[in-house]
file target.txt (compact mmCIF, C-alpha atoms and all ligand atoms)
# COMPACT_ATOMS: atom_id res chain seq x y z
CA MET A 1 41.53 12.72 -14.02
CA ILE A 2 41.59 9.47 -15.92
CA ASP A 3 42.37 6.22 -14.21
CA TRP A 4 43.89 4.38 -17.13
CA GLY A 5 43.51 1.10 -15.32
CA GLY A 6 40.02 0.80 -16.65
CA LEU A 7 37.83 2.56 -14.13
CA LEU A 8 37.16 5.88 -15.68
CA LYS A 9 36.67 9.01 -13.67
CA PHE A 10 36.52 12.07 -15.80
CA THR A 11 36.76 15.66 -14.83
CA CYS A 12 37.11 18.48 -17.27
CA GLU A 13 40.78 19.03 -16.43
CA CYS A 14 41.80 15.86 -18.15
CA LEU A 15 40.49 17.20 -21.40
CA LEU A 16 42.37 20.43 -21.23
CA PRO A 17 44.83 20.55 -24.08
CA THR A 18 48.38 21.44 -23.19
CA GLY A 19 49.00 24.08 -25.87
CA PRO A 20 47.34 27.35 -26.85
CA PHE A 21 44.34 26.97 -29.09
CA ASP A 22 43.01 29.91 -31.01
CA SER A 23 40.82 28.19 -33.52
CA PRO A 24 37.20 29.15 -33.13
CA GLY A 25 35.11 26.47 -31.59
CA LEU A 26 37.59 23.60 -31.52
CA CYS A 27 40.45 22.33 -29.49
CA PHE A 28 42.45 19.13 -29.37
CA ALA A 29 43.41 16.48 -26.92
CA ARG A 30 46.42 14.69 -28.29
CA PRO A 31 47.11 11.37 -26.55
CA PRO A 32 45.80 8.76 -28.97
CA SER A 33 44.73 6.60 -26.06
CA LEU A 34 42.34 9.33 -25.07
CA ARG A 35 40.22 8.49 -28.07
CA GLN A 36 39.24 5.19 -26.57
CA ALA A 37 38.63 6.79 -23.21
CA VAL A 38 36.47 9.46 -24.71
CA LYS A 39 34.55 6.89 -26.70
CA ARG A 40 33.73 5.15 -23.45
CA VAL A 41 32.50 8.38 -22.03
CA LEU A 42 30.49 9.09 -25.13
CA SER A 43 28.89 5.74 -24.89
CA ILE A 44 27.64 6.31 -21.38
CA LYS A 45 26.64 9.93 -21.49
CA LYS A 46 25.12 12.41 -23.79
CA ILE A 47 27.91 14.94 -23.97
CA HIS A 48 27.15 18.08 -25.79
CA PRO A 49 29.03 19.72 -27.25
CA LEU A 50 31.73 17.18 -27.92
CA SER A 51 32.70 15.50 -31.13
CA ALA A 52 35.52 13.51 -32.55
CA THR A 53 35.33 13.59 -36.31
CA ARG A 54 38.37 13.65 -38.53
CA ARG A 55 36.73 16.29 -40.72
CA GLU A 56 36.45 18.72 -37.81
CA GLY A 57 40.01 17.88 -36.90
CA ARG A 58 41.25 18.81 -40.33
CA GLN A 59 39.20 22.00 -40.22
CA ALA A 60 40.71 22.92 -36.91
CA GLN A 61 44.21 22.15 -38.07
CA ARG A 62 43.76 24.20 -41.21
CA CYS A 63 42.70 27.10 -39.01
CA ARG A 64 45.92 26.68 -37.09
CA GLY A 65 48.05 26.29 -40.19
CA GLU A 66 48.68 22.58 -39.72
CA SER A 67 48.66 20.35 -42.76
CA THR A 68 47.01 17.08 -41.83
CA ALA A 69 44.96 15.55 -39.12
CA GLN A 70 46.65 12.73 -37.30
CA ALA A 71 45.03 9.46 -36.54
CA GLY A 72 43.98 9.20 -32.94
CA GLN A 73 43.40 12.86 -32.39
CA ILE A 74 40.24 13.76 -30.59
CA ILE A 75 38.56 17.00 -31.34
CA PHE A 76 36.60 18.89 -28.73
CA PRO A 77 34.37 21.76 -29.70
CA ARG A 78 35.18 24.75 -27.62
CA SER A 79 32.68 27.49 -27.03
CA HIS A 80 33.90 31.08 -26.81
CA ASP A 81 32.95 31.36 -23.15
CA CYS A 82 34.22 27.98 -22.15
CA SER A 83 37.63 27.33 -20.82
CA LEU A 84 37.32 23.60 -20.51
CA GLU A 85 37.24 23.50 -16.78
CA ASN A 86 33.72 24.76 -17.07
CA PHE A 87 32.63 21.76 -19.07
CA SER A 88 30.10 19.73 -17.23
CA PHE A 89 30.51 16.04 -17.73
CA GLU A 90 27.41 14.42 -16.42
CA PHE A 91 27.63 10.67 -16.39
CA ASN A 92 24.43 8.73 -16.68
CA MET A 93 23.64 5.88 -14.32
CA GLN A 94 24.01 2.62 -16.21
CA LEU A 95 21.79 -0.20 -15.01
CA THR A 96 22.58 -3.71 -16.22
CA TYR A 97 21.39 -7.09 -14.97
CA GLN A 98 21.61 -10.79 -15.60
CA PRO A 99 19.77 -13.84 -14.29
CA PHE A 100 21.78 -16.30 -12.21
CA GLU A 101 20.70 -19.65 -10.82
CA LEU A 102 22.24 -20.06 -7.35
CA GLU A 103 22.79 -23.75 -6.61
CA LEU A 104 22.21 -25.09 -3.10
CA LYS A 105 24.60 -27.62 -1.59
CA HIS A 106 21.66 -29.68 -0.35
CA THR A 107 18.02 -29.92 -1.30
CA PHE A 108 16.45 -27.43 1.07
CA THR A 109 13.21 -28.36 2.79
CA ILE A 110 11.20 -26.19 5.12
CA ALA A 111 7.71 -26.80 6.46
CA LYS A 112 5.96 -26.27 3.12
CA PHE A 113 8.54 -26.40 0.26
CA SER A 114 11.67 -28.11 -1.14
CA ARG A 115 14.14 -26.81 -3.74
CA ASN A 116 17.67 -27.31 -5.13
CA SER A 117 18.44 -23.83 -6.45
CA THR A 118 17.21 -20.27 -6.25
CA PRO A 119 16.78 -17.81 -9.13
CA LEU A 120 18.74 -14.60 -8.60
CA MET A 121 18.97 -11.42 -10.61
CA LEU A 122 22.45 -9.91 -10.41
CA VAL A 123 22.34 -6.15 -10.87
CA GLN A 124 25.04 -3.58 -11.57
CA ILE A 125 24.73 0.19 -11.56
CA ALA A 126 27.70 2.09 -12.99
CA HIS A 127 28.40 5.77 -12.45
CA GLU A 128 31.54 7.88 -12.80
CA GLY A 129 33.69 4.83 -13.27
CA CYS A 130 32.43 3.00 -10.17
CA ILE A 131 30.16 -0.04 -10.21
CA GLY A 132 27.66 -0.86 -7.50
CA TYR A 133 26.62 -4.52 -7.15
CA GLY A 134 23.23 -5.73 -6.04
CA GLU A 135 21.15 -8.87 -6.21
CA ALA A 136 17.62 -10.12 -5.90
CA SER A 137 17.10 -13.57 -4.42
CA MET A 138 13.73 -14.73 -5.64
CA VAL A 139 12.74 -17.70 -3.53
CA PRO A 140 9.67 -19.17 -5.25
CA TYR A 141 7.20 -18.84 -2.36
CA MET A 142 7.71 -15.06 -2.27
CA GLY A 143 6.19 -14.74 -5.74
CA GLU A 144 9.04 -13.13 -7.69
CA SER A 145 10.66 -14.72 -10.75
CA TYR A 146 12.99 -13.98 -13.67
CA GLN A 147 9.95 -12.82 -15.57
CA SER A 148 8.72 -10.42 -12.88
CA ALA A 149 12.28 -9.14 -12.34
CA ASN A 150 12.75 -8.46 -16.06
CA ASP A 151 9.38 -6.76 -16.26
CA PHE A 152 10.20 -4.55 -13.29
CA LEU A 153 13.75 -3.67 -14.35
CA SER A 154 12.64 -2.78 -17.87
CA LYS A 155 10.53 -0.02 -16.32
CA VAL A 156 13.33 1.43 -14.17
CA ASP A 157 14.86 4.66 -15.43
CA ALA A 158 18.30 4.66 -13.81
CA ASN A 159 18.67 8.36 -14.45
CA GLN A 160 16.13 8.90 -11.68
CA PHE A 161 19.00 8.09 -9.31
CA LYS A 162 20.99 11.23 -8.63
CA TYR A 163 24.15 11.11 -6.57
CA PRO A 164 24.27 11.89 -3.65
CA PHE A 165 21.42 9.45 -3.32
CA ASP A 166 18.21 10.24 -1.49
CA PHE A 167 17.23 6.68 -0.61
CA ALA A 168 13.81 7.62 0.75
CA SER A 169 12.90 9.14 -2.62
CA ILE A 170 14.48 6.23 -4.47
CA ILE A 171 12.33 3.68 -2.64
CA ASP A 172 9.26 5.86 -3.30
CA TYR A 173 10.17 5.86 -6.98
CA LEU A 174 10.63 2.07 -7.04
CA ASP A 175 7.31 1.61 -5.22
CA SER A 176 5.64 3.86 -7.79
CA ILE A 177 6.68 1.48 -10.60
CA ALA A 178 4.79 -1.46 -9.10
CA PRO A 179 3.73 -2.72 -5.68
CA GLY A 180 5.34 -5.86 -4.25
CA ASN A 181 8.55 -7.02 -5.93
CA PRO A 182 10.62 -6.45 -2.77
CA ALA A 183 13.60 -8.56 -3.86
CA ILE A 184 14.14 -6.80 -7.17
CA LYS A 185 13.70 -3.45 -5.45
CA ALA A 186 16.32 -4.59 -2.94
CA SER A 187 18.72 -5.42 -5.77
CA ILE A 188 18.66 -1.80 -6.91
CA ASP A 189 18.86 -0.42 -3.39
CA ILE A 190 21.84 -2.66 -2.58
CA ALA A 191 23.64 -1.71 -5.79
CA LEU A 192 23.11 1.98 -5.05
CA HIS A 193 24.42 1.58 -1.49
CA ASP A 194 27.52 -0.19 -2.81
CA LEU A 195 27.92 2.54 -5.42
CA GLU A 196 27.45 5.28 -2.82
CA GLY A 197 30.18 3.76 -0.65
CA LYS A 198 32.53 3.55 -3.62
CA LEU A 199 31.85 7.12 -4.72
CA LYS A 200 32.38 8.35 -1.15
CA GLY A 201 35.34 6.04 -0.57
CA GLU A 202 33.75 4.66 2.61
CA PRO A 203 32.44 1.26 3.68
CA CYS A 204 28.64 0.92 3.76
CA TRP A 205 28.62 -0.24 7.40
CA LYS A 206 30.30 3.02 8.40
CA ILE A 207 27.88 5.17 6.40
CA LEU A 208 25.00 3.31 8.08
CA GLY A 209 26.44 3.86 11.56
CA SER A 210 27.25 0.23 12.43
CA ASP A 211 30.00 -0.78 14.85
CA PRO A 212 31.82 -3.91 13.59
CA GLN A 213 32.65 -4.80 17.20
CA GLN A 214 28.93 -5.37 17.82
CA MET A 215 28.59 -7.99 15.08
CA PRO A 216 26.37 -10.84 16.37
CA LEU A 217 27.11 -14.53 15.80
CA THR A 218 25.61 -15.92 12.59
CA SER A 219 23.60 -19.14 12.71
CA PHE A 220 23.96 -22.03 10.29
CA THR A 221 20.62 -23.29 8.97
CA ILE A 222 19.69 -26.93 8.63
CA GLY A 223 16.60 -27.81 6.60
CA ILE A 224 14.31 -30.73 7.36
CA ASP A 225 15.96 -33.99 6.33
CA THR A 226 16.58 -37.59 7.37
CA PRO A 227 18.38 -38.00 10.74
CA GLU A 228 21.56 -39.15 8.92
CA MET A 229 21.58 -36.12 6.65
CA MET A 230 20.86 -33.73 9.50
CA ILE A 231 23.83 -35.06 11.42
CA LYS A 232 25.97 -34.65 8.29
CA LYS A 233 24.76 -31.06 7.89
CA VAL A 234 25.50 -30.20 11.53
CA LYS A 235 29.07 -31.28 10.90
CA GLU A 236 29.21 -28.86 7.96
CA ALA A 237 28.45 -25.94 10.26
CA GLY A 238 32.19 -25.23 10.48
CA ASP A 239 32.91 -22.07 12.42
CA CYS A 240 29.24 -21.26 12.99
CA ARG A 241 28.46 -21.46 16.68
CA ILE A 242 24.67 -21.41 16.45
CA ILE A 243 22.58 -23.97 14.56
CA LYS A 244 19.22 -22.96 13.13
CA VAL A 245 16.74 -25.77 12.72
CA LYS A 246 13.67 -25.71 10.53
CA LEU A 247 10.73 -27.34 12.33
CA GLY A 248 7.01 -27.49 11.70
CA ARG A 249 6.27 -31.19 11.32
CA ASP A 250 5.11 -33.96 13.62
CA SER A 251 8.69 -35.14 14.10
CA ASP A 252 9.98 -31.87 15.60
CA LYS A 253 11.16 -33.35 18.91
CA GLU A 254 12.97 -36.20 17.16
CA LEU A 255 14.74 -33.72 14.91
CA ILE A 256 15.96 -31.67 17.88
CA SER A 257 17.07 -34.83 19.70
CA THR A 258 19.00 -35.87 16.60
CA ILE A 259 20.79 -32.51 16.53
CA ARG A 260 21.45 -32.71 20.25
CA SER A 261 23.08 -36.11 19.77
CA VAL A 262 25.94 -34.44 17.90
CA THR A 263 26.15 -30.86 19.20
CA ASP A 264 25.37 -28.81 22.29
CA ALA A 265 25.54 -25.52 20.32
CA PRO A 266 22.76 -23.02 21.04
CA LEU A 267 19.85 -23.37 18.60
CA PHE A 268 17.49 -21.09 16.73
CA VAL A 269 14.23 -22.74 15.74
CA ASP A 270 12.13 -21.72 12.76
CA ALA A 271 8.66 -23.23 12.54
CA ASN A 272 7.76 -21.35 9.34
CA GLN A 273 4.07 -21.09 10.42
CA GLY A 274 3.93 -24.85 10.81
CA TRP A 275 2.47 -25.10 14.33
CA THR A 276 -1.30 -25.24 14.73
CA ASP A 277 -2.36 -26.27 18.23
CA LEU A 278 -1.97 -23.59 20.91
CA GLN A 279 -1.37 -25.78 23.96
CA GLN A 280 0.97 -28.12 22.09
CA SER A 281 2.88 -25.06 20.86
CA LEU A 282 3.23 -23.70 24.38
CA ASP A 283 4.43 -27.09 25.67
CA MET A 284 6.90 -27.12 22.79
CA THR A 285 8.32 -23.70 23.72
CA HIS A 286 9.04 -25.00 27.25
CA TRP A 287 10.63 -28.18 25.92
CA LEU A 288 12.73 -26.22 23.42
CA HIS A 289 13.78 -23.85 26.22
CA GLU A 290 15.21 -26.85 28.09
CA GLN A 291 17.00 -27.89 24.88
CA GLY A 292 18.98 -24.63 24.70
CA VAL A 293 16.87 -22.90 22.06
CA LEU A 294 17.46 -19.13 21.97
CA LEU A 295 14.50 -18.05 19.84
CA ILE A 296 11.57 -19.41 17.83
CA GLU A 297 10.64 -17.91 14.46
CA GLN A 298 7.08 -17.63 13.22
CA PRO A 299 5.46 -20.52 15.10
CA MET A 300 1.94 -20.07 13.76
CA LEU A 301 0.24 -18.72 10.65
CA LYS A 302 1.20 -15.11 10.05
CA THR A 303 -2.49 -14.23 9.74
CA ASP A 304 -3.30 -15.75 13.14
CA ILE A 305 -2.34 -12.72 15.18
CA ASP A 306 -4.21 -13.77 18.32
CA SER A 307 -2.51 -17.18 18.52
CA ASN A 308 0.96 -15.74 17.96
CA ALA A 309 0.29 -13.06 20.59
CA TRP A 310 -1.05 -15.65 23.04
CA LEU A 311 2.07 -17.75 22.63
CA THR A 312 4.38 -14.74 22.90
CA GLU A 313 2.80 -13.78 26.20
CA ARG A 314 3.55 -17.20 27.68
CA SER A 315 6.65 -18.55 25.95
CA PRO A 316 9.92 -18.71 27.92
CA VAL A 317 11.76 -18.40 24.57
CA PRO A 318 11.55 -15.19 22.49
CA ILE A 319 9.01 -15.51 19.66
CA ILE A 320 10.12 -13.77 16.47
CA GLY A 321 7.84 -12.69 13.64
CA ASP A 322 9.26 -13.46 10.20
CA GLU A 323 6.71 -14.13 7.46
CA SER A 324 4.39 -11.63 9.20
CA VAL A 325 6.90 -8.79 8.92
CA GLN A 326 7.86 -7.64 5.45
CA ARG A 327 8.30 -3.88 5.26
CA LEU A 328 8.36 -0.82 7.50
CA PRO A 329 4.60 -0.52 8.18
CA ASP A 330 4.62 -4.12 9.52
CA VAL A 331 7.01 -3.26 12.37
CA GLY A 332 4.40 -1.38 14.37
CA LYS A 333 1.94 -4.25 13.91
CA ALA A 334 4.44 -6.68 15.48
CA LYS A 335 4.41 -4.96 18.85
CA GLY A 336 2.38 -7.01 21.30
CA VAL A 337 2.30 -9.97 18.91
CA TYR A 338 5.98 -10.99 18.93
CA HIS A 339 9.01 -10.36 21.13
CA GLY A 340 10.96 -9.39 18.05
CA ILE A 341 11.09 -9.43 14.27
CA ASN A 342 13.27 -11.07 11.64
CA ILE A 343 14.11 -8.55 8.92
CA LYS A 344 15.52 -9.52 5.54
CA LEU A 345 16.65 -7.32 2.71
CA MET A 346 14.71 -9.39 0.21
CA LYS A 347 11.46 -8.74 2.10
CA SER A 348 12.05 -5.11 3.01
CA ALA A 349 13.14 -3.85 -0.44
CA GLY A 350 16.73 -3.26 0.60
CA MET A 351 19.20 -1.70 2.99
CA TYR A 352 17.54 1.67 3.39
CA GLU A 353 14.21 0.30 4.54
CA THR A 354 15.87 -2.40 6.66
CA HIS A 355 17.71 0.36 8.49
CA GLN A 356 14.45 2.25 9.00
CA MET A 357 12.86 -0.95 10.33
CA ILE A 358 15.73 -1.40 12.79
CA LEU A 359 15.29 2.14 14.09
CA LYS A 360 11.52 1.69 14.38
CA ALA A 361 11.81 -1.68 16.13
CA ARG A 362 14.27 -0.24 18.67
CA GLU A 363 11.88 2.62 19.34
CA LEU A 364 9.11 0.08 20.04
CA GLY A 365 11.30 -2.13 22.23
CA LEU A 366 11.25 -5.08 19.80
CA LYS A 367 14.17 -7.49 19.53
CA LEU A 368 15.86 -7.77 16.14
CA MET A 369 17.07 -10.63 14.05
CA ILE A 370 18.52 -10.09 10.58
CA GLY A 371 18.13 -12.99 8.18
CA CYS A 372 18.63 -13.89 4.56
CA MET A 373 17.33 -15.97 1.67
CA SER A 374 19.64 -18.06 -0.54
CA GLU A 375 22.10 -15.31 -1.35
CA THR A 376 25.60 -14.68 -2.62
CA SER A 377 28.28 -12.74 -0.76
CA CYS A 378 26.79 -9.54 -2.18
CA ALA A 379 23.46 -9.56 -0.34
CA THR A 380 25.14 -11.20 2.65
CA LEU A 381 27.56 -8.29 2.98
CA ALA A 382 24.67 -5.85 2.53
CA ALA A 383 22.87 -7.45 5.49
CA ALA A 384 26.13 -7.80 7.46
CA ALA A 385 26.61 -4.01 7.17
CA LEU A 386 23.45 -3.63 9.30
CA ALA A 387 23.81 -6.76 11.45
CA PRO A 388 25.73 -5.02 14.28
CA GLN A 389 22.54 -3.05 14.96
CA CYS A 390 20.59 -6.31 15.52
CA ASP A 391 20.51 -8.88 18.35
CA TRP A 392 20.82 -12.02 16.25
CA ALA A 393 22.00 -12.81 12.72
CA ASP A 394 21.12 -15.64 10.37
CA LEU A 395 23.30 -14.75 7.40
CA ASP A 396 24.47 -18.12 6.19
CA GLY A 397 23.75 -17.82 2.46
CA PRO A 398 27.37 -18.29 1.32
CA PHE A 399 27.73 -21.49 3.40
CA LEU A 400 24.70 -23.18 1.87
CA THR A 401 25.35 -22.49 -1.81
CA SER A 402 27.88 -23.96 -4.22
CA ASN A 403 28.32 -21.44 -7.07
CA ASN A 404 28.66 -18.08 -5.32
CA PRO A 405 30.07 -15.77 -8.03
CA TYR A 406 31.96 -13.67 -5.44
CA LYS A 407 34.60 -14.49 -2.85
CA ILE A 408 33.21 -15.56 0.50
CA PRO A 409 33.93 -12.72 2.95
CA GLU A 410 36.11 -13.27 5.99
CA PHE A 411 34.30 -15.23 8.71
CA LYS A 412 35.91 -15.46 12.12
CA ASP A 413 34.80 -16.80 15.51
CA GLY A 414 31.29 -17.38 14.18
CA LYS A 415 30.89 -13.84 12.84
CA TRP A 416 31.22 -12.01 9.53
CA VAL A 417 34.15 -9.61 9.49
CA LEU A 418 33.39 -6.19 8.01
CA ASN A 419 36.35 -4.85 6.06
CA ASN A 420 37.36 -1.27 5.35
CA ASP A 421 36.87 -1.45 1.59
CA ALA A 422 34.65 1.22 0.06
CA GLY A 423 31.07 0.08 -0.51
CA LEU A 424 29.95 -3.38 0.55
CA GLY A 425 33.47 -4.79 0.40
CA ILE A 426 32.64 -7.39 -2.25
CA GLU A 427 35.62 -9.19 -3.72
CA MET A 428 35.33 -10.63 -7.20
CA LEU A 429 36.51 -14.17 -7.86
MG MG A 501 12.13 -17.73 9.09

call {"tool": "encode", "arguments": {"input": "target.txt", "output": "structure tokens", "more": "lines below"}}
Ligand code: MG
result
Amino acid sequence: MIDWGGLLKFTCECLLPTGPFDSPGLCFARPPSLRQAVKRVLSIKKIHPLSATRREGRQAQRCRGESTAQAGQIIFPRSHDCSLENFSFEFNMQLTYQPFELELKHTFTIAKFSRNSTPLMLVQIAHEGCIGYGEASMVPYMGESYQSANDFLSKVDANQFKYPFDFASIIDYLDSIAPGNPAIKASIDIALHDLEGKLKGEPCWKILGSDPQQMPLTSFTIGIDTPEMMIKKVKEAGDCRIIKVKLGRDSDKELISTIRSVTDAPLFVDANQGWTDLQQSLDMTHWLHEQGVLLIEQPMLKTDIDSNAWLTERSPVPIIGDESVQRLPDVGKAKGVYHGINIKLMKSAGMYETHQMILKARELGLKLMIGCMSETSCATLAAAALAPQCDWADLDGPFLTSNNPYKIPEFKDGKWVLNNDAGLGIEML
């Protein structure tokens, strides 16, 4: 059928002419508006046989004793063994993308870097009249850029993606194009998950087996700043009930005391590999425990496995590996080194592998946190679809950015609300 509202879903029935057609090889579809619809189809797929020339129309009409072709008529070749319901209309996958600079509300400083915006690549994959949305958030220290994203996407053949999607094969295909590039791989994986949900008419969270009732609270992240600015940022936390603080400098205790002067909300702490001395780090975990800290991310260098393991063995607060855990093979390596892992779509190459990491971590008895980079509602909803399967969530992208191109999803009682819309549930502005 044709949805004349703009989304086009074609089956052969819609092309069946209403009258008898005896002319060899040709038949007509009369509604003039069909011409435009068919042109759209022609532009996205290689239909054969199918043509729409006036000359063939006149030929067909002469065969049927009609005098002239009429403007707007579309002519469909008709093979002798083909009643049109046997026509196969295979739509190609259409991959399009555009760069987008996501502005941050505040200059964001963590232990090693500062920035005011983040380069994104917004990706769309269209198929059978549905569009799947994805995005890559390419924070500079992860090594991806507009250039690397363009290079990678130019090598992607979207027709490798066959619906129903086999995501394990798709990630193998993406990995075969080039190693690394996890964010741009995630953008394709997210778009295909959104598309899958729309084609199935089901929300992604449901397809992935998540229970919205199990959605964890999302933290609100505060970067390193002056005491005045940190107090201002705490007040911007709104409905978020957990504050995440970036530490990793000499002034860590002062920063926590500043936060504590304005809120008694539970805290996540992220040291971003900034701690170096073992005994000082252990003393810090005890002090942070007294301050109501629920977890500590990546205290020491990701390469210093022994120090992270030593601290994990002794810390009263769960130690979570973040920079040290990128993709599925890293999950097994985290056991015995950390209490849990922080997974992010932009590190793991997307929703499929994140889900596999969740299953693997559960099998190994590791705790799970799901986090984000600077992201729009699109990647946030992609992570939120899996968040109910994790213990903690840090999905605050939409709160920290000022030019999100999508509507901010519903956020209630400190948690993202998963809706029943097909796909990710993205709403356009
Ligand atoms: Mg972190």

call {"tool": "closest_residue", "arguments": {"input": "target.txt", "among": "A:Ser114, A:Thr354, A:Thr312, A:Thr376", "to": "Ala334 of chain A", "atoms": "all atoms listed in the file"}}
result
A:Thr312

call {"tool": "residues_near_ligand", "arguments": {"input": "target.txt", "ligand": "ligand MG 501 (chain A)", "cutoff": "12 Å", "atoms": "all atoms listed in the file", "output": "PyMOL selection string"}}
result
chain A and resi 110-111+221-223+244-248+268-274+295-300+302+319-326+341-344+347+369-373+393-395

call {"tool": "residues_near_point", "arguments": {"input": "target.txt", "point": "(25.0, -1.9, 7.2)", "cutoff": "9 Å", "atoms": "only C-alpha atoms", "output": "JSON, numbers by chain"}}
result
{"A": [203, 204, 205, 206, 207, 208, 209, 210, 351, 355, 381, 382, 383, 384, 385, 386, 387, 388, 389, 424]}

call {"tool": "atom_distance", "arguments": {"input": "target.txt", "atom1": "atom CA of Ser374 of chain A", "atom2": "atom CA of Met229 of chain A"}}
result
19.5 Å

call {"tool": "residues_around", "arguments": {"input": "target.txt", "residues": "Asp277 of chain A", "least_positions_apart": "2", "cutoff": "12 Å", "atoms": "only C-alpha atoms", "output": "PyMOL selection string"}}
result
chain A and resi 248+250+273-275+279-284+299-301+304+307-308+310-311

call {"tool": "write_last_selection", "arguments": {"input": "target.txt", "atoms": "C-alpha atoms", "output": "mmCIF file, in the coordinates of the input"}}
result
data_model
loop_
_atom_site.group_PDB
_atom_site.id
_atom_site.type_symbol
_atom_site.label_atom_id
_atom_site.label_comp_id
_atom_site.auth_asym_id
_atom_site.auth_seq_id
_atom_site.Cartn_x
_atom_site.Cartn_y
_atom_site.Cartn_z
ATOM 1 C CA GLY A 248 7.010 -27.490 11.700
ATOM 2 C CA ASP A 250 5.110 -33.960 13.620
ATOM 3 C CA GLN A 273 4.070 -21.090 10.420
ATOM 4 C CA GLY A 274 3.930 -24.850 10.810
ATOM 5 C CA TRP A 275 2.470 -25.100 14.330
ATOM 6 C CA GLN A 279 -1.370 -25.780 23.960
ATOM 7 C CA GLN A 280 0.970 -28.120 22.090
ATOM 8 C CA SER A 281 2.880 -25.060 20.860
ATOM 9 C CA LEU A 282 3.230 -23.700 24.380
ATOM 10 C CA ASP A 283 4.430 -27.090 25.670
ATOM 11 C CA MET A 284 6.900 -27.120 22.790
ATOM 12 C CA PRO A 299 5.460 -20.520 15.100
ATOM 13 C CA MET A 300 1.940 -20.070 13.760
ATOM 14 C CA LEU A 301 0.240 -18.720 10.650
ATOM 15 C CA ASP A 304 -3.300 -15.750 13.140
ATOM 16 C CA SER A 307 -2.510 -17.180 18.520
ATOM 17 C CA ASN A 308 0.960 -15.740 17.960
ATOM 18 C CA TRP A 310 -1.050 -15.650 23.040
ATOM 19 C CA LEU A 311 2.070 -17.750 22.630
#
